[in-house]
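Source file: protein21.cif; contents: mmCIF, C-alpha atoms.
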```
data_coords
loop_
_atom_site.label_atom_id
_atom_site.label_comp_id
_atom_site.auth_asym_id
_atom_site.auth_seq_id
_atom_site.Cartn_x
_atom_site.Cartn_y
_atom_site.Cartn_z
CA LYS A 1 7.98 -12.18 -9.72
CA GLU A 2 9.68 -13.35 -12.92
CA ARG A 3 6.32 -13.71 -14.66
CA LEU A 4 5.36 -10.16 -13.68
CA ALA A 5 8.74 -8.84 -14.85
CA LYS A 6 8.32 -10.48 -18.27
CA TYR A 7 4.80 -9.12 -18.72
CA LEU A 8 5.87 -5.65 -17.63
CA LYS A 9 8.71 -5.60 -20.17
CA LYS A 10 6.40 -6.85 -22.92
CA THR A 11 3.54 -4.41 -22.27
CA GLN A 12 5.23 -1.24 -20.96
CA GLY A 13 8.90 -1.71 -21.77
CA ASP A 14 9.79 -1.36 -18.08
CA MET A 15 12.62 -3.49 -16.72
CA VAL A 16 12.52 -4.71 -13.10
CA ASP A 17 14.80 -7.05 -11.18
CA PRO A 18 12.91 -9.98 -9.57
CA SER A 19 15.62 -10.25 -6.90
CA THR A 20 14.54 -6.89 -5.45
CA LEU A 21 11.87 -6.47 -2.79
CA PHE A 22 8.49 -6.10 -4.53
CA ASP A 23 6.32 -3.59 -2.68
CA VAL A 24 2.79 -3.20 -4.10
CA GLN A 25 -0.03 -0.71 -3.62
CA VAL A 26 -2.89 -1.32 -6.05
CA LYS A 27 -6.39 0.06 -5.45
CA ARG A 28 -8.43 3.02 -6.61
CA LEU A 29 -6.69 6.34 -6.19
CA HIS A 30 -8.15 8.27 -3.26
CA GLU A 31 -6.69 10.58 -0.63
CA TYR A 32 -7.82 8.34 2.23
CA LYS A 33 -5.90 5.41 0.76
CA ARG A 34 -2.86 7.70 0.90
CA GLN A 35 -0.88 6.77 -2.19
CA HIS A 36 0.66 10.24 -1.83
CA MET A 37 2.11 9.24 1.56
CA ASN A 38 3.74 6.21 -0.05
CA ALA A 39 5.13 8.43 -2.82
CA LEU A 40 6.46 11.01 -0.35
CA ASN A 41 8.31 8.25 1.49
CA ILE A 42 9.79 7.04 -1.80
CA LEU A 43 10.89 10.61 -2.52
CA ALA A 44 12.53 10.85 0.91
CA THR A 45 14.28 7.51 0.31
CA TYR A 46 15.47 8.75 -3.10
CA GLN A 47 16.88 11.89 -1.52
CA TRP A 48 18.81 9.80 1.00
CA LEU A 49 20.15 7.44 -1.67
CA ARG A 50 21.29 10.36 -3.83
CA GLU A 51 23.39 11.55 -0.92
CA ASN A 52 24.52 8.02 0.02
CA PRO A 53 24.71 6.08 -3.27
CA ASN A 54 27.04 3.45 -1.79
CA ALA A 55 24.97 2.86 1.32
CA ASP A 56 23.93 -0.65 2.29
CA PHE A 57 20.34 -0.61 1.06
CA VAL A 58 17.95 -3.46 0.26
CA PRO A 59 17.08 -3.03 -3.45
CA HIS A 60 13.42 -2.14 -3.66
CA THR A 61 10.84 -1.98 -6.47
CA TYR A 62 7.63 -0.08 -5.74
CA PHE A 63 4.54 -0.87 -7.80
CA PHE A 64 1.44 1.32 -8.07
CA GLY A 65 -1.77 0.57 -9.89
CA ALA A 66 -4.80 2.80 -9.64
CA LYS A 67 -7.58 4.66 -11.39
CA ALA A 68 -9.20 7.89 -10.24
CA ALA A 69 -12.80 9.00 -10.62
CA PRO A 70 -13.26 11.23 -13.71
CA GLY A 71 -13.86 14.42 -11.74
CA TYR A 72 -11.37 13.78 -8.93
CA TYR A 73 -8.77 16.41 -9.81
CA PHE A 74 -6.55 16.01 -6.75
CA ALA A 75 -6.34 12.23 -7.23
CA LYS A 76 -5.24 12.77 -10.81
CA GLN A 77 -2.57 15.16 -9.54
CA ILE A 78 -1.28 12.39 -7.28
CA ILE A 79 -1.11 10.00 -10.26
CA GLN A 80 0.94 12.58 -12.16
CA PHE A 81 3.22 13.05 -9.15
CA ILE A 82 3.89 9.30 -8.90
CA ALA A 83 4.50 9.07 -12.66
CA ALA A 84 6.92 12.00 -12.55
CA LEU A 85 8.70 10.52 -9.54
CA ALA A 86 9.06 7.19 -11.35
CA LYS A 87 10.47 8.87 -14.44
CA THR A 88 13.05 10.77 -12.38
CA ILE A 89 14.18 7.85 -10.22
CA ASN A 90 14.26 5.24 -12.98
CA ALA A 91 16.47 7.48 -15.13
CA ASP A 92 18.93 8.30 -12.32
CA GLU A 93 21.99 6.06 -12.74
CA ARG A 94 23.08 6.82 -9.19
CA VAL A 95 20.15 4.96 -7.64
CA ASN A 96 18.16 3.00 -10.21
CA LYS A 97 19.90 -0.30 -9.49
CA LYS A 98 18.64 -0.05 -5.90
CA LEU A 99 15.37 1.84 -6.25
CA LYS A 100 12.72 1.69 -8.94
CA VAL A 101 9.10 2.87 -9.23
CA ILE A 102 6.54 1.37 -11.60
CA PHE A 103 3.05 2.68 -12.27
CA VAL A 104 1.24 -0.05 -14.21
CA GLU A 105 -0.88 1.23 -17.07
CA ASN A 106 -4.64 0.69 -17.00
CA TYR A 107 -4.82 -1.34 -13.79
CA CYS A 108 -7.31 -4.19 -14.22
CA VAL A 109 -7.95 -7.84 -13.31
CA THR A 110 -5.12 -9.04 -15.55
CA TRP A 111 -2.66 -6.84 -13.67
CA ALA A 112 -4.10 -8.00 -10.34
CA GLU A 113 -3.57 -11.63 -11.32
CA LEU A 114 0.11 -10.86 -11.91
CA LEU A 115 0.80 -8.42 -9.10
CA THR A 116 -0.96 -10.19 -6.23
CA PRO A 117 1.13 -13.39 -6.22
CA ALA A 118 4.33 -11.43 -6.95
CA ALA A 119 3.94 -8.96 -4.09
CA GLU A 120 6.09 -9.33 -1.00
CA ILE A 121 4.80 -6.23 0.80
CA SER A 122 1.11 -5.40 0.65
CA GLU A 123 0.51 -1.67 1.19
CA GLN A 124 -2.70 -1.15 3.19
CA ILE A 125 -2.06 2.33 4.48
CA SER A 126 -5.42 4.11 4.72
CA LEU A 127 -5.94 6.48 7.63
CA ALA A 128 -7.30 4.53 10.60
CA GLY A 129 -11.08 4.83 10.78
CA THR A 130 -11.64 5.49 7.06
CA GLU A 131 -11.62 2.04 5.40
CA ALA A 132 -14.92 0.20 5.90
CA SER A 133 -13.34 -3.18 5.21
CA GLY A 134 -11.07 -3.63 2.25
CA THR A 135 -10.63 -6.98 0.51
CA SER A 136 -7.42 -6.65 -1.51
CA ASN A 137 -5.46 -7.10 1.72
CA MET A 138 -6.96 -10.59 2.06
CA LYS A 139 -6.00 -11.50 -1.52
CA PHE A 140 -2.42 -10.41 -0.89
CA MET A 141 -2.34 -12.24 2.43
CA ILE A 142 -3.39 -15.61 0.98
CA ASN A 143 -0.72 -15.19 -1.72
CA GLY A 144 1.99 -14.72 0.91
CA ALA A 145 2.52 -10.95 0.92
CA ILE A 146 3.11 -9.36 4.31
CA THR A 147 0.85 -6.47 5.21
CA LEU A 148 2.38 -3.08 5.89
CA GLY A 149 -0.51 -1.08 7.19
CA THR A 150 -2.54 0.77 9.75
CA LEU A 151 -5.09 -0.71 12.12
CA ASP A 152 -7.91 0.01 9.68
CA GLY A 153 -10.52 -2.09 7.92
CA ALA A 154 -9.73 -5.78 7.66
CA ASN A 155 -6.13 -5.09 8.69
CA VAL A 156 -7.51 -5.33 12.22
CA GLU A 157 -8.59 -8.95 11.68
CA ILE A 158 -5.34 -9.78 9.86
CA HIS A 159 -3.40 -8.46 12.84
CA GLU A 160 -5.53 -10.49 15.25
CA THR A 161 -4.89 -13.60 13.15
CA VAL A 162 -1.14 -13.37 12.53
CA GLY A 163 0.03 -11.43 15.62
CA ASP A 164 2.40 -8.51 16.01
CA GLU A 165 5.40 -10.39 14.66
CA ASN A 166 3.89 -11.21 11.24
CA ILE A 167 2.65 -7.80 10.13
CA PHE A 168 4.21 -4.33 9.89
CA LEU A 169 1.94 -1.92 11.71
CA PHE A 170 2.39 1.83 11.87
CA GLY A 171 0.51 5.04 12.45
CA MET A 172 -2.30 6.27 14.63
CA THR A 173 -5.25 4.21 15.75
CA ALA A 174 -8.79 5.40 14.97
CA SER A 175 -9.19 6.79 18.50
CA GLN A 176 -5.89 8.67 18.22
CA VAL A 177 -7.01 10.14 14.91
CA GLU A 178 -10.21 11.42 16.50
CA GLU A 179 -8.28 12.80 19.45
CA LEU A 180 -5.93 14.70 17.14
CA LYS A 181 -8.87 16.10 15.19
CA ARG A 182 -10.48 17.37 18.39
CA ALA A 183 -7.22 18.90 19.59
CA GLY A 184 -6.67 20.52 16.20
CA TYR A 185 -4.43 19.02 13.54
CA HIS A 186 -1.83 21.37 12.10
CA PRO A 187 0.27 19.65 9.41
CA GLN A 188 2.67 22.59 9.39
CA ASN A 189 4.01 21.23 12.69
CA GLN A 190 5.21 18.02 11.02
CA TYR A 191 6.65 20.04 8.15
CA GLN A 192 8.56 22.39 10.42
CA ASN A 193 9.77 19.86 13.00
CA ASP A 194 10.71 16.77 10.96
CA GLY A 195 13.64 17.12 8.59
CA LEU A 196 12.68 14.07 6.51
CA ILE A 197 9.19 15.47 5.87
CA HIS A 198 10.49 19.01 5.28
CA ARG A 199 13.01 17.95 2.61
CA ALA A 200 10.56 15.64 0.81
CA MET A 201 7.81 18.26 0.80
CA ASP A 202 10.16 20.96 -0.50
CA GLU A 203 11.26 18.79 -3.42
CA LEU A 204 7.63 17.86 -4.13
CA GLY A 205 6.78 21.56 -4.32
CA SER A 206 9.60 22.31 -6.76
CA MET A 207 9.35 19.21 -9.00
CA ASN A 208 8.75 19.77 -12.71
CA GLY A 209 8.87 23.52 -12.35
CA GLY A 210 6.31 23.59 -9.54
CA GLN A 211 3.77 21.29 -11.22
CA PHE A 212 2.82 19.76 -7.87
CA LYS A 213 2.70 22.93 -5.81
CA GLU A 214 -1.03 22.35 -5.36
CA ILE A 215 -0.39 19.00 -3.62
CA PHE A 216 2.22 20.75 -1.46
CA ASN A 217 -0.16 23.54 -0.48
CA THR A 218 -3.10 21.22 0.16
CA LEU A 219 -1.03 19.01 2.46
CA LEU A 220 0.24 21.97 4.42
CA ARG A 221 -3.16 23.70 4.66
CA GLU A 222 -5.44 20.82 5.57
CA ASP A 223 -4.03 17.30 4.92
CA ARG A 224 -7.50 15.84 5.45
CA TYR A 225 -6.22 12.28 5.75
CA MET A 226 -3.21 13.10 7.91
CA ALA A 227 -0.50 11.79 5.61
CA LEU A 228 2.11 14.03 7.23
CA ALA A 229 1.04 12.96 10.72
CA ASP A 230 1.70 9.28 9.91
CA LEU A 231 4.62 9.71 7.50
CA ARG A 232 7.44 9.34 10.04
CA SER A 233 5.88 6.19 11.50
CA TYR A 234 5.32 4.84 7.98
CA HIS A 235 8.95 5.51 7.06
CA GLU A 236 10.14 3.62 10.13
CA ALA A 237 7.87 0.65 9.32
CA GLN A 238 9.35 0.56 5.80
CA GLN A 239 12.83 0.47 7.29
CA ARG A 240 11.87 -2.41 9.62
CA ALA A 241 10.51 -4.35 6.66
CA GLN A 242 13.65 -3.83 4.61
CA GLN A 243 15.89 -4.93 7.46
CA LEU A 244 13.87 -8.09 8.02
CA TYR A 245 13.93 -8.88 4.29
CA ARG A 246 17.67 -9.54 4.65
CA ASP A 247 16.76 -12.69 6.61
CA GLN A 248 14.92 -14.68 3.96
CA THR A 249 14.20 -17.57 6.33
CA ALA A 250 12.43 -15.26 8.77
CA TRP A 251 10.64 -13.45 5.93
CA ASN A 252 9.36 -16.67 4.37
CA ARG A 253 8.18 -17.88 7.76
CA MET A 254 6.12 -14.69 8.11
CA SER A 255 4.75 -15.25 4.63
CA LEU A 256 3.68 -18.81 5.46
CA VAL A 257 2.01 -17.70 8.69
CA ASN A 258 -0.03 -15.20 6.67
CA ILE A 259 -1.02 -17.83 4.10
CA ALA A 260 -2.02 -20.26 6.84
CA GLY A 261 -4.09 -17.61 8.62
CA ALA A 262 -5.99 -16.51 5.54
CA GLY A 263 -8.69 -19.15 6.09
CA ARG A 264 -10.34 -16.72 8.50
CA PHE A 265 -11.51 -14.76 5.45
CA ALA A 266 -13.10 -17.72 3.64
CA ALA A 267 -16.53 -16.95 2.19
CA ASP A 268 -18.08 -19.98 3.95
CA ARG A 269 -16.96 -18.68 7.33
CA ALA A 270 -18.23 -15.18 6.56
CA ILE A 271 -21.67 -16.41 5.47
CA ARG A 272 -21.93 -18.67 8.53
CA ASP A 273 -21.15 -15.69 10.80
CA TYR A 274 -23.70 -13.48 9.05
CA ALA A 275 -26.32 -16.22 9.32
CA GLY A 276 -25.75 -16.83 13.01
CA ASN A 277 -24.94 -13.36 14.34
CA ILE A 278 -26.93 -11.02 12.11
CA TRP A 279 -29.71 -12.96 10.41
CA HIS A 280 -30.22 -15.44 13.31
CA ALA A 281 -30.81 -18.15 10.74
CA SER A 282 -30.02 -21.84 11.12
CA PRO A 283 -28.97 -24.19 8.34
CA VAL A 284 -31.79 -26.16 6.76
CA PRO A 285 -31.02 -29.85 6.18
CA PRO A 286 -30.97 -30.63 2.46
CA VAL A 287 -34.07 -32.35 1.08
CA LYS A 288 -33.10 -35.54 -0.70
CA ASN A 289 -34.25 -36.58 -4.16
CA LEU A 290 -35.91 -33.24 -4.98
CA SER A 291 -34.88 -33.60 -8.58
CA ALA A 292 -35.61 -37.34 -8.85
CA LYS A 293 -38.03 -38.31 -11.59
CA LYS A 294 -41.43 -39.55 -10.53
CA PRO A 295 -41.99 -43.18 -11.41
CA GLU A 296 -43.98 -43.68 -14.57
CA LYS A 297 -47.48 -45.10 -14.18
#
```
I need this file expressed as structure tokens, please.
Amino acid sequence: KERLAKYLKKTQGDMVDPSTLFDVQVKRLHEYKRQHMNALNILATYQWLRENPNADFVPHTYFFGAKAAPGYYFAKQIIQFIAALAKTINADERVNKKLKVIFVENYCVTWAELLTPAAEISEQISLAGTEASGTSNMKFMINGAITLGTLDGANVEIHETVGDENIFLFGMTASQVEELKRAGYHPQNQYQNDGLIHRAMDELGSMNGGQFKEIFNTLLREDRYMALADLRSYHEAQQRAQQLYRDQTAWNRMSLVNIAGAGRFAADRAIRDYAGNIWHASPVPPVKNLSAKKPEK
């Protein structure tokens, strides 16, 4: 965490406190990965802290790193929203000792090498049923970060490995997502009936003179990846994580359980499973002395 803080100050001029909880979401920017849900929760938290600046709150630093496809306009809007949110929060003296948002510039392998071992929460929050696998969650796991995520992609195997008590799960399952789609999903219901969502969405729509009104309208009209449907559950999972972080012994135990369980994702194990279950191939004993020189005549 200290190494990341030094690099961040050197490269971007951003100051972060390594004693705060480091919460990281780094991956390509796409609606199904739901960076906008993370940002909406941060906005809701910011609203609460503005009203309760002296509240007992676990200081929290959120990190984002992402690139969007060149023609993906909506994803680029989300990047601008997160950047604007970071600028507002980080400049607000009422809250910026407790809450900070960092969007790392030009996310790449160098950033990953710094962020992955520094992360304490690994954000794996795609809508259930949309992530084919995902591998960054395994990298965070083996470095001791605790997954906060849905039952999607390899989160399913992580959950099976570490158990309910060593992961922060939230949101709908894939079958519940399909059921809601069949019944008819109307994001306006969440907007109208949940005060936390309503207030965050309203401020999103008015930020920067209405710059993000298109995100607001898109979420209310269709919300293809059901960010509003899972937002309340996500907010509650974030609160559980922050409360547990107060007990560093319990938190570090969870971290060690995740590190110890990461062997399940070893490449050797994966190849052995593919060979046996999919290719129906058996190991061939090595042939000795293949490269030995023939004796000279």
Exercise. So which residues get picked by the PyMOL selection byres ((chain A and resi 170) around 6) here, written as JSON, numbers by chain?
Worked result: {"A": [150, 169, 171, 233, 234]}
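Here CA of Gly261 (chain A) and CA of Ile158 (chain A) stand 8.0 Å from one another.
Interatomic distance, CA of Arg221 (chain A) against CA of Tyr62 (chain A): 28.1 Å.
Here CA of Thr110 (chain A) stands at a distance of 19.1 Å from CA of Glu123 (chain A).
Look at Leu219 (chain A): the protein and nucleic acid residues within 9 Å of it, using all atoms listed in the file and passing over chain neighbours fewer than 4 places away, are Pro187, Gln188, Glu214, Ile215, Asp223, Arg224, Met226, Ala227 and Leu228 of chain A.
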Under the PyMOL selection byres ((chain A and resi 47) around 12), which residues of this model are included? Write them out as an mmCIF file with C-alpha atoms, in the frame of the given file.
```
data_model
loop_
_atom_site.group_PDB
_atom_site.id
_atom_site.type_symbol
_atom_site.label_atom_id
_atom_site.label_comp_id
_atom_site.auth_asym_id
_atom_site.auth_seq_id
_atom_site.Cartn_x
_atom_site.Cartn_y
_atom_site.Cartn_z
ATOM 1 C CA LEU A 40 6.460 11.010 -0.350
ATOM 2 C CA ASN A 41 8.310 8.250 1.490
ATOM 3 C CA ILE A 42 9.790 7.040 -1.800
ATOM 4 C CA LEU A 43 10.890 10.610 -2.520
ATOM 5 C CA ALA A 44 12.530 10.850 0.910
ATOM 6 C CA THR A 45 14.280 7.510 0.310
ATOM 7 C CA TYR A 46 15.470 8.750 -3.100
ATOM 8 C CA TRP A 48 18.810 9.800 1.000
ATOM 9 C CA LEU A 49 20.150 7.440 -1.670
ATOM 10 C CA ARG A 50 21.290 10.360 -3.830
ATOM 11 C CA GLU A 51 23.390 11.550 -0.920
ATOM 12 C CA ASN A 52 24.520 8.020 0.020
ATOM 13 C CA PRO A 53 24.710 6.080 -3.270
ATOM 14 C CA LEU A 85 8.700 10.520 -9.540
ATOM 15 C CA THR A 88 13.050 10.770 -12.380
ATOM 16 C CA ILE A 89 14.180 7.850 -10.220
ATOM 17 C CA ASP A 92 18.930 8.300 -12.320
ATOM 18 C CA ARG A 94 23.080 6.820 -9.190
ATOM 19 C CA VAL A 95 20.150 4.960 -7.640
ATOM 20 C CA LEU A 99 15.370 1.840 -6.250
ATOM 21 C CA GLY A 195 13.640 17.120 8.590
ATOM 22 C CA LEU A 196 12.680 14.070 6.510
ATOM 23 C CA ILE A 197 9.190 15.470 5.870
ATOM 24 C CA HIS A 198 10.490 19.010 5.280
ATOM 25 C CA ARG A 199 13.010 17.950 2.610
ATOM 26 C CA ALA A 200 10.560 15.640 0.810
ATOM 27 C CA MET A 201 7.810 18.260 0.800
ATOM 28 C CA ASP A 202 10.160 20.960 -0.500
ATOM 29 C CA GLU A 203 11.260 18.790 -3.420
ATOM 30 C CA LEU A 204 7.630 17.860 -4.130
#
```
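Residues surrounding Val104 (chain A) within 8 Å are A:Gln12, A:Phe63, A:Phe64, A:Gly65, A:Trp111 [only C-alpha atoms; sequence separation below 5 positions excluded].
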Exercise. With distances taken over only C-alpha atoms, which of A:Ile102, A:Val16, A:Ala75, A:Ala132 is nearest to Lys87 (chain A)?
Worked result: A:Ile102
Region 246-248 of chain A environment, 12 Å, only C-alpha atoms, sequence neighbours closer than 6 positions dropped, as a tab-separated table (two decimals) with C-alpha atoms, in the frame of the given file:
```
chain	number	residue	atom	x	y	z
A	19	SER	CA	15.62	-10.25	-6.90
A	20	THR	CA	14.54	-6.89	-5.45
A	21	LEU	CA	11.87	-6.47	-2.79
A	56	ASP	CA	23.93	-0.65	2.29
A	57	PHE	CA	20.34	-0.61	1.06
A	58	VAL	CA	17.95	-3.46	0.26
A	59	PRO	CA	17.08	-3.03	-3.45
A	60	HIS	CA	13.42	-2.14	-3.66
A	120	GLU	CA	6.09	-9.33	-1.00
A	239	GLN	CA	12.83	0.47	7.29
A	240	ARG	CA	11.87	-2.41	9.62
A	254	MET	CA	6.12	-14.69	8.11
A	255	SER	CA	4.75	-15.25	4.63
```
Problem set entry | Picked residues, the PyMOL selection byres ((chain A and resi 175) around 12), expected as a count of residues only | 17
Exercise. When distances are computed from only C-alpha atoms, which of A:Gln35, A:Asn137, A:Thr161, A:Asn54 shows the smallest separation from Phe74 (chain A)?
Worked result: A:Gln35
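Proximity of A:His235, A:Gln242, A:Gln77, A:Arg264 to Asp23 (chain A), computed with all atoms listed in the file, is greatest for A:Gln242.
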Could I see region 151-161 of chain A restored to all heavy atoms, set down as a PDB file, in the coordinates of the input?
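The resulting selection02.pdb:
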```pdb
ATOM      1  N   LEU A 151      -4.000   0.079  11.537  1.00  0.00           N
ATOM      2  CA  LEU A 151      -5.090  -0.710  12.120  1.00  0.00           C
ATOM      3  C   LEU A 151      -6.416  -0.155  11.597  1.00  0.00           C
ATOM      4  O   LEU A 151      -7.129   0.577  12.277  1.00  0.00           O
ATOM      5  CB  LEU A 151      -5.031  -0.673  13.643  1.00  0.00           C
ATOM      6  CG  LEU A 151      -4.016  -1.625  14.279  1.00  0.00           C
ATOM      7  CD1 LEU A 151      -3.912  -1.386  15.772  1.00  0.00           C
ATOM      8  CD2 LEU A 151      -4.383  -3.085  13.996  1.00  0.00           C
ATOM      9  N   ASP A 152      -6.723  -0.505  10.354  1.00  0.00           N
ATOM     10  CA  ASP A 152      -7.910   0.010   9.680  1.00  0.00           C
ATOM     11  C   ASP A 152      -8.525  -1.088   8.826  1.00  0.00           C
ATOM     12  O   ASP A 152      -7.816  -1.933   8.269  1.00  0.00           O
ATOM     13  CB  ASP A 152      -7.514   1.196   8.788  1.00  0.00           C
ATOM     14  CG  ASP A 152      -8.711   1.999   8.312  1.00  0.00           C
ATOM     15  OD1 ASP A 152      -9.652   2.159   9.105  1.00  0.00           O
ATOM     16  OD2 ASP A 152      -8.696   2.488   7.166  1.00  0.00           O
ATOM     17  N   GLY A 153      -9.851  -1.097   8.740  1.00  0.00           N
ATOM     18  CA  GLY A 153     -10.520  -2.090   7.920  1.00  0.00           C
ATOM     19  C   GLY A 153     -10.165  -3.503   8.346  1.00  0.00           C
ATOM     20  O   GLY A 153      -9.999  -3.797   9.533  1.00  0.00           O
ATOM     21  N   ALA A 154     -10.026  -4.377   7.366  1.00  0.00           N
ATOM     22  CA  ALA A 154      -9.730  -5.780   7.660  1.00  0.00           C
ATOM     23  C   ALA A 154      -8.299  -6.005   8.120  1.00  0.00           C
ATOM     24  O   ALA A 154      -7.954  -7.124   8.533  1.00  0.00           O
ATOM     25  CB  ALA A 154     -10.025  -6.650   6.427  1.00  0.00           C
ATOM     26  N   ASN A 155      -7.464  -4.966   8.081  1.00  0.00           N
ATOM     27  CA  ASN A 155      -6.130  -5.090   8.690  1.00  0.00           C
ATOM     28  C   ASN A 155      -6.244  -5.475  10.164  1.00  0.00           C
ATOM     29  O   ASN A 155      -5.359  -6.140  10.710  1.00  0.00           O
ATOM     30  CB  ASN A 155      -5.354  -3.777   8.603  1.00  0.00           C
ATOM     31  CG  ASN A 155      -4.941  -3.419   7.194  1.00  0.00           C
ATOM     32  OD1 ASN A 155      -5.095  -4.203   6.268  1.00  0.00           O
ATOM     33  ND2 ASN A 155      -4.424  -2.207   7.029  1.00  0.00           N
ATOM     34  N   VAL A 156      -7.312  -5.023  10.801  1.00  0.00           N
ATOM     35  CA  VAL A 156      -7.510  -5.330  12.220  1.00  0.00           C
ATOM     36  C   VAL A 156      -7.620  -6.834  12.420  1.00  0.00           C
ATOM     37  O   VAL A 156      -6.968  -7.423  13.302  1.00  0.00           O
ATOM     38  CB  VAL A 156      -8.768  -4.617  12.767  1.00  0.00           C
ATOM     39  CG1 VAL A 156      -9.055  -5.036  14.201  1.00  0.00           C
ATOM     40  CG2 VAL A 156      -8.611  -3.103  12.661  1.00  0.00           C
ATOM     41  N   GLU A 157      -8.424  -7.496  11.566  1.00  0.00           N
ATOM     42  CA  GLU A 157      -8.590  -8.950  11.680  1.00  0.00           C
ATOM     43  C   GLU A 157      -7.317  -9.690  11.256  1.00  0.00           C
ATOM     44  O   GLU A 157      -6.989 -10.740  11.813  1.00  0.00           O
ATOM     45  CB  GLU A 157      -9.779  -9.418  10.837  1.00  0.00           C
ATOM     46  CG  GLU A 157     -11.137  -9.119  11.436  1.00  0.00           C
ATOM     47  CD  GLU A 157     -11.540  -7.658  11.273  1.00  0.00           C
ATOM     48  OE1 GLU A 157     -11.035  -7.011  10.333  1.00  0.00           O
ATOM     49  OE2 GLU A 157     -12.341  -7.166  12.090  1.00  0.00           O
ATOM     50  N   ILE A 158      -6.612  -9.154  10.250  1.00  0.00           N
ATOM     51  CA  ILE A 158      -5.340  -9.780   9.860  1.00  0.00           C
ATOM     52  C   ILE A 158      -4.362  -9.737  11.027  1.00  0.00           C
ATOM     53  O   ILE A 158      -3.706 -10.741  11.342  1.00  0.00           O
ATOM     54  CB  ILE A 158      -4.752  -9.075   8.615  1.00  0.00           C
ATOM     55  CG1 ILE A 158      -5.601  -9.377   7.381  1.00  0.00           C
ATOM     56  CG2 ILE A 158      -3.299  -9.509   8.375  1.00  0.00           C
ATOM     57  CD1 ILE A 158      -5.145  -8.658   6.129  1.00  0.00           C
ATOM     58  N   HIS A 159      -4.283  -8.602  11.695  1.00  0.00           N
ATOM     59  CA  HIS A 159      -3.400  -8.460  12.840  1.00  0.00           C
ATOM     60  C   HIS A 159      -3.789  -9.436  13.948  1.00  0.00           C
ATOM     61  O   HIS A 159      -2.931 -10.094  14.555  1.00  0.00           O
ATOM     62  CB  HIS A 159      -3.453  -7.016  13.357  1.00  0.00           C
ATOM     63  CG  HIS A 159      -2.689  -6.790  14.609  1.00  0.00           C
ATOM     64  ND1 HIS A 159      -3.230  -6.214  15.739  1.00  0.00           N
ATOM     65  CD2 HIS A 159      -1.399  -7.087  14.937  1.00  0.00           C
ATOM     66  CE1 HIS A 159      -2.325  -6.160  16.690  1.00  0.00           C
ATOM     67  NE2 HIS A 159      -1.202  -6.674  16.236  1.00  0.00           N
ATOM     68  N   GLU A 160      -5.073  -9.544  14.227  1.00  0.00           N
ATOM     69  CA  GLU A 160      -5.530 -10.490  15.250  1.00  0.00           C
ATOM     70  C   GLU A 160      -5.148 -11.920  14.891  1.00  0.00           C
ATOM     71  O   GLU A 160      -4.833 -12.732  15.767  1.00  0.00           O
ATOM     72  CB  GLU A 160      -7.050 -10.398  15.403  1.00  0.00           C
ATOM     73  CG  GLU A 160      -7.539  -9.104  16.049  1.00  0.00           C
ATOM     74  CD  GLU A 160      -9.048  -8.977  16.019  1.00  0.00           C
ATOM     75  OE1 GLU A 160      -9.715  -9.862  15.409  1.00  0.00           O
ATOM     76  OE2 GLU A 160      -9.581  -7.993  16.573  1.00  0.00           O
ATOM     77  N   THR A 161      -5.163 -12.237  13.607  1.00  0.00           N
ATOM     78  CA  THR A 161      -4.890 -13.600  13.150  1.00  0.00           C
ATOM     79  C   THR A 161      -3.413 -13.942  13.178  1.00  0.00           C
ATOM     80  O   THR A 161      -3.025 -15.027  13.627  1.00  0.00           O
ATOM     81  CB  THR A 161      -5.431 -13.784  11.711  1.00  0.00           C
ATOM     82  OG1 THR A 161      -6.836 -13.512  11.697  1.00  0.00           O
ATOM     83  CG2 THR A 161      -5.184 -15.198  11.212  1.00  0.00           C
TER      84      THR A 161
END
```
